[in-house]
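I have placed the structure first, in the form of structure tokens, so that the comments after it can refer back to it.
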Amino acid sequence: MSPQSKPSDHTGLLHPGLLAPDDRDAIYRDGQRLDHAEGTSRPLHAQPEPQPRGAKVFGNRPIDQAEAAARFIAAPEHEKMHDERLWDLRQKRDREMHAIPEWEELRSLASAIKEHTLTHLDEYLEAFEANAHSNGVHVHWARDAAEHNRIVHGILQDHGAKSLIKSKSMLTEECGFRDYMASVGIDVIETDLGERIQQLDNEDPSHVVVPAVHKLRTDVAQVFAKTIGTDPNNSDVHYLAEAQREANRPLVLTADAGMTGCNFAVAETGGVIVCTNEGNADLSANVPKLHIASIGIEKTIPRLEHLAIFVRLLSRSALGSPMTQYTSHFRGPRAGGEMHFVLVDNGRSARLGMAEFWTSLKCIRCGACMNTCPVYRRSGGLSYGATYSGPIGLIIDPTFNAHKYSNLPFASTLNGSCTNVCPVKINIHEQIYAWRRELVKRHEVPFAKKLAMKAAGELLSRPSAYRAAIAAADVALAHLPRFAIYNGLNAWGKHREVPHPPKQTFHSWYKANRGGKDDQPR
Amino acid sequence: MTSRDDILASIRANRPKVDRPLPPVPLFDDHPPASLLAAFKENLERMGGIFLDLPGAGDQLEPVRAKIAKAKVVCSTVAEVPGNRDIAAARAPQDLADVDFALVRAAFGIAETGSVLLHDSELGVNALAYLAQHLIVLLDPSDIVVNLHHAYRRSEFQHGHYAAFHTGPSATADIEGVLIHGAQGVRSLSVLPLARAAQPLGG
């Protein structure tokens, strides 16, 4: 491990200004910069700036994602760092993909295994339950979030447990678990660094894999100064991470109970698999006597041979790292310990019946769709005001509440990149489009948006009218004064320069250069 | 109706009536690396692990002894190197909170990823591998499989209650992507490719 300055070739950054002049933070082995786990492949540094906060939530009113995104964009250091960090993960993912010749076959297999399991989910859940029972695990079933929270509280009460250490779990986020536990006097301690930062800052995770990716080191320094007593002026990342480790360790050693989520539940063995980089799930599950695992019912897969496919895909897709540092298999309680599994539906079985949307249940929560999405990268996960953000969030959140999350399916360019990187081949961008249609059908789309879409629909259905409109718009763009283009009414002119209009439309160029044969159907 | 019955009934009512057969899963082992050990080493190092080269002659355990020479508390579950903390005396995982170095034998390793599998039968106390500040793993080179498909055919997953792949040390980059070793668990993971002692005859 030798720190050194490396002003070598760092081209290809989205925001070259973020390139750190030296790389004292990095870890080197034999002259090679390590970038495993979620580590960046290049040295980055942003300037301090107040942290923009997430979407404003007003009860059941539709979340205004665009409003929160505008505030994120108005904080350029945060926006650039976020954009750069996630694009780096996406590029590392591509590097891993190219190193595995069977990558596309793995994706097809993963998709097929998930679709098979989901269409036989009742059978696999029963097999999982029976095998878990025979391993000595207590199995519980929860219809919804409230029942999940009550069951876990009941188990803790049975053991007189007052404190709970847990690893990150999107399912418990979905269940509002920490708020519930606070209301009944149970002290919950998150053990993942990013999730702990978010807990101490009273914020939700902004990303399924890297929960505090929207924060700068200076933001973390402020949170830790207020909560665990670090020096507010020291934002050295090694210092901050070490301080959190040391602050959490005594809480880990004295906790009454431990909790984890579940990445995969294997019907054949009745065991659950949890993947982390920090080893915090293993601490949470192996130090206290009591281990509770919360499991979304869609996490089931048939056999261990199938697990191999998903483990190979998960971390490569999520972080561009060949494997998480820890891939842990929990099959039964330790001697003298107790293990409980809580199988949670919370809308999943109903989603199984939605013809256009059931395949969203294939999701393994890798976050690749978020890392690649231009809207997500530039607006931050908290702008979505929902448990799940980014492209996968756009198609899952409305299944929980189609009114509150009615704006989300419009936070997409439909470029299809999410679908292309999805390791289980969910047709995400097509489902986003299908949700737009569904929301119009359910009258969940505001009048102005509907009117604009209706006008666009009529224009797009008549090629000659479309061509005339495009030619007119290009002429207008070339001659209009700035105030006419960059004003509040033109969303495409906000925060960006509108591209230079072409001198000619493609259609007129084609007509002029390809012999004037206009045989296109009209 | 119980919640269990409700959920299963809802799944049966809603599950798509489409034919989705379970595909056969290949082993993807047509092009194994020339040396499993060399591939293991390369991938372990990429993941932040330390590969200890076996001395060509003399004391095979010298690299391990050098690492633990100055450590105060060493807890070993391997016969090859004794520690000074008896794991059998630990009544609770918390008793191992002050361990500086833990030594364990891996059930097997994976060339594809540089991972070692630690199994509860070898760990004694599972938390040892996370509470210790540093972890040293002995791995028999003949226990390295080519990839994860071969790994999941091993019998270790059919018995015991706990098994974990360790691929490098505990790590995080949750703050601005800066890589940290020793996030919550061990600060370093070293692997010595040492063959298992021969089984005693008639044992």
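Going by the structure tokens order, chains are called A, B, ..., each with residues numbered from 1, while ligands are numbered from 1 in the order shown.
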
* **7 Å contact set for range 135-150 of chain B, only C-alpha atoms, chain neighbours under 5 positions out, as number ranges by chain** => A: 305, 308; B: 27, 32, 36-37, 101-106, 108-112, 129, 186, 188-196

* Within 12 Å of Val344 in chain A, counting only C-alpha atoms, which residues show up once you throw out same-chain ones fewer than 5 positions away? Write them as a PyMOL selection string, please. => (chain A and resi 125+139-149+151-152+171-172+174-175+261-262+293-300+349) or (chain B and resi 3-4+6-8)

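Among the candidates B:Val81, B:Ala89, B:Ile50, B:Leu61, the residue lying nearest to chain A is B:Ile50 (atoms considered: only C-alpha atoms).
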
Closest contacts (chain B/chain A, max 6 Å, only C-alpha atoms) as a tab-separated table:
```
residue	atom	partner	partner_atom	distance
B:Ser3	CA	A:Trp141	CA	5.9
B:Arg4	CA	A:Trp141	CA	5.4
B:Leu8	CA	A:Asp122	CA	5.6
B:Ser10	CA	A:Ser349	CA	5.9
B:Ile11	CA	A:Ser349	CA	5.0
B:Asn14	CA	A:Gly353	CA	4.2
B:Arg15	CA	A:Thr119	CA	5.4
B:Pro16	CA	A:Thr119	CA	5.9
B:Arg20	CA	A:His116	CA	4.8
B:Pro21	CA	A:His116	CA	5.8
B:Leu22	CA	A:His116	CA	5.8
B:Met47	CA	A:His36	CA	5.5
B:Pro93	CA	A:Val287	CA	5.7
B:Gln94	CA	A:Leu253	CA	5.9
B:Ala127	CA	A:Asn286	CA	5.3
B:Leu148	CA	A:Ala308	CA	5.5
B:His149	CA	A:Ala308	CA	5.3
B:Tyr152	CA	A:Leu304	CA	5.9
B:His161	CA	A:Arg331	CA	4.6
B:Tyr162	CA	A:Phe330	CA	5.0
B:Ala163	CA	A:His329	CA	5.2
B:Ala164	CA	A:Ser328	CA	4.1
B:Phe165	CA	A:Thr327	CA	5.1
B:His166	CA	A:Tyr326	CA	5.0
B:Thr167	CA	A:Gln325	CA	4.5
B:Gly168	CA	A:Gln325	CA	5.8
B:Ser170	CA	A:Glu278	CA	4.6
B:Ala171	CA	A:Glu278	CA	5.0
B:Thr172	CA	A:Glu278	CA	5.9
B:Ala173	CA	A:Gly39	CA	5.0
B:Asp174	CA	A:Gly194	CA	5.2
B:Gly177	CA	A:Gly39	CA	4.6
B:Val178	CA	A:Gly39	CA	5.6
B:Leu179	CA	A:Gly39	CA	4.8
B:Ala183	CA	A:Glu278	CA	5.3
B:Gln184	CA	A:Arg245	CA	5.6
B:Gly185	CA	A:Gly279	CA	5.6
```

Selection above as a file: C-alpha atoms, as a PDB file, in the first residue's frame:
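The new file selection26.pdb reads:
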```
ATOM      1  CA  SER B   3     -51.201 -14.953   6.399  1.00  0.00           C
ATOM      2  CA  ARG B   4     -49.401 -17.953   4.917  1.00  0.00           C
ATOM      3  CA  LEU B   8     -50.069 -18.592  -1.204  1.00  0.00           C
ATOM      4  CA  SER B  10     -52.931 -14.814  -3.823  1.00  0.00           C
ATOM      5  CA  ILE B  11     -49.896 -16.189  -5.663  1.00  0.00           C
ATOM      6  CA  ASN B  14     -52.229 -14.252  -9.827  1.00  0.00           C
ATOM      7  CA  ARG B  15     -49.317 -16.257 -11.140  1.00  0.00           C
ATOM      8  CA  PRO B  16     -49.028 -15.849 -14.907  1.00  0.00           C
ATOM      9  CA  ARG B  20     -41.519 -21.062 -18.391  1.00  0.00           C
ATOM     10  CA  PRO B  21     -39.405 -24.215 -18.113  1.00  0.00           C
ATOM     11  CA  LEU B  22     -36.332 -24.275 -15.896  1.00  0.00           C
ATOM     12  CA  MET B  47      -9.981  -7.747  -4.579  1.00  0.00           C
ATOM     13  CA  PRO B  93     -18.579 -14.255  20.218  1.00  0.00           C
ATOM     14  CA  GLN B  94     -18.013 -11.059  22.194  1.00  0.00           C
ATOM     15  CA  ALA B 127     -17.891 -14.145  14.373  1.00  0.00           C
ATOM     16  CA  LEU B 148     -18.695 -20.478  -9.015  1.00  0.00           C
ATOM     17  CA  HIS B 149     -20.601 -23.174 -10.905  1.00  0.00           C
ATOM     18  CA  TYR B 152     -21.913 -24.627  -5.691  1.00  0.00           C
ATOM     19  CA  HIS B 161     -25.514 -23.920   9.118  1.00  0.00           C
ATOM     20  CA  TYR B 162     -23.150 -21.209   7.931  1.00  0.00           C
ATOM     21  CA  ALA B 163     -20.645 -20.729   5.145  1.00  0.00           C
ATOM     22  CA  ALA B 164     -19.265 -17.531   3.618  1.00  0.00           C
ATOM     23  CA  PHE B 165     -17.123 -16.661   0.641  1.00  0.00           C
ATOM     24  CA  HIS B 166     -14.487 -14.136   1.621  1.00  0.00           C
ATOM     25  CA  THR B 167     -13.067 -12.262  -1.344  1.00  0.00           C
ATOM     26  CA  GLY B 168     -10.481  -9.894   0.062  1.00  0.00           C
ATOM     27  CA  SER B 170     -13.893  -5.996   4.611  1.00  0.00           C
ATOM     28  CA  ALA B 171     -14.166  -3.002   2.284  1.00  0.00           C
ATOM     29  CA  THR B 172     -16.265   0.036   1.554  1.00  0.00           C
ATOM     30  CA  ALA B 173     -16.215   3.046  -0.751  1.00  0.00           C
ATOM     31  CA  ASP B 174     -19.494   4.534   0.437  1.00  0.00           C
ATOM     32  CA  GLY B 177     -15.922   6.153  -3.891  1.00  0.00           C
ATOM     33  CA  VAL B 178     -12.732   6.206  -1.810  1.00  0.00           C
ATOM     34  CA  LEU B 179     -11.738   2.610  -1.165  1.00  0.00           C
ATOM     35  CA  ALA B 183     -14.905  -1.145   6.911  1.00  0.00           C
ATOM     36  CA  GLN B 184     -16.577  -3.105   9.720  1.00  0.00           C
ATOM     37  CA  GLY B 185     -14.739  -6.441   9.618  1.00  0.00           C
TER      38      GLY B 185
END
```

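Computed from the coordinates, the CA of Ile175 in chain B to CA of Ser167 in chain A distance equals 17.4 Å.
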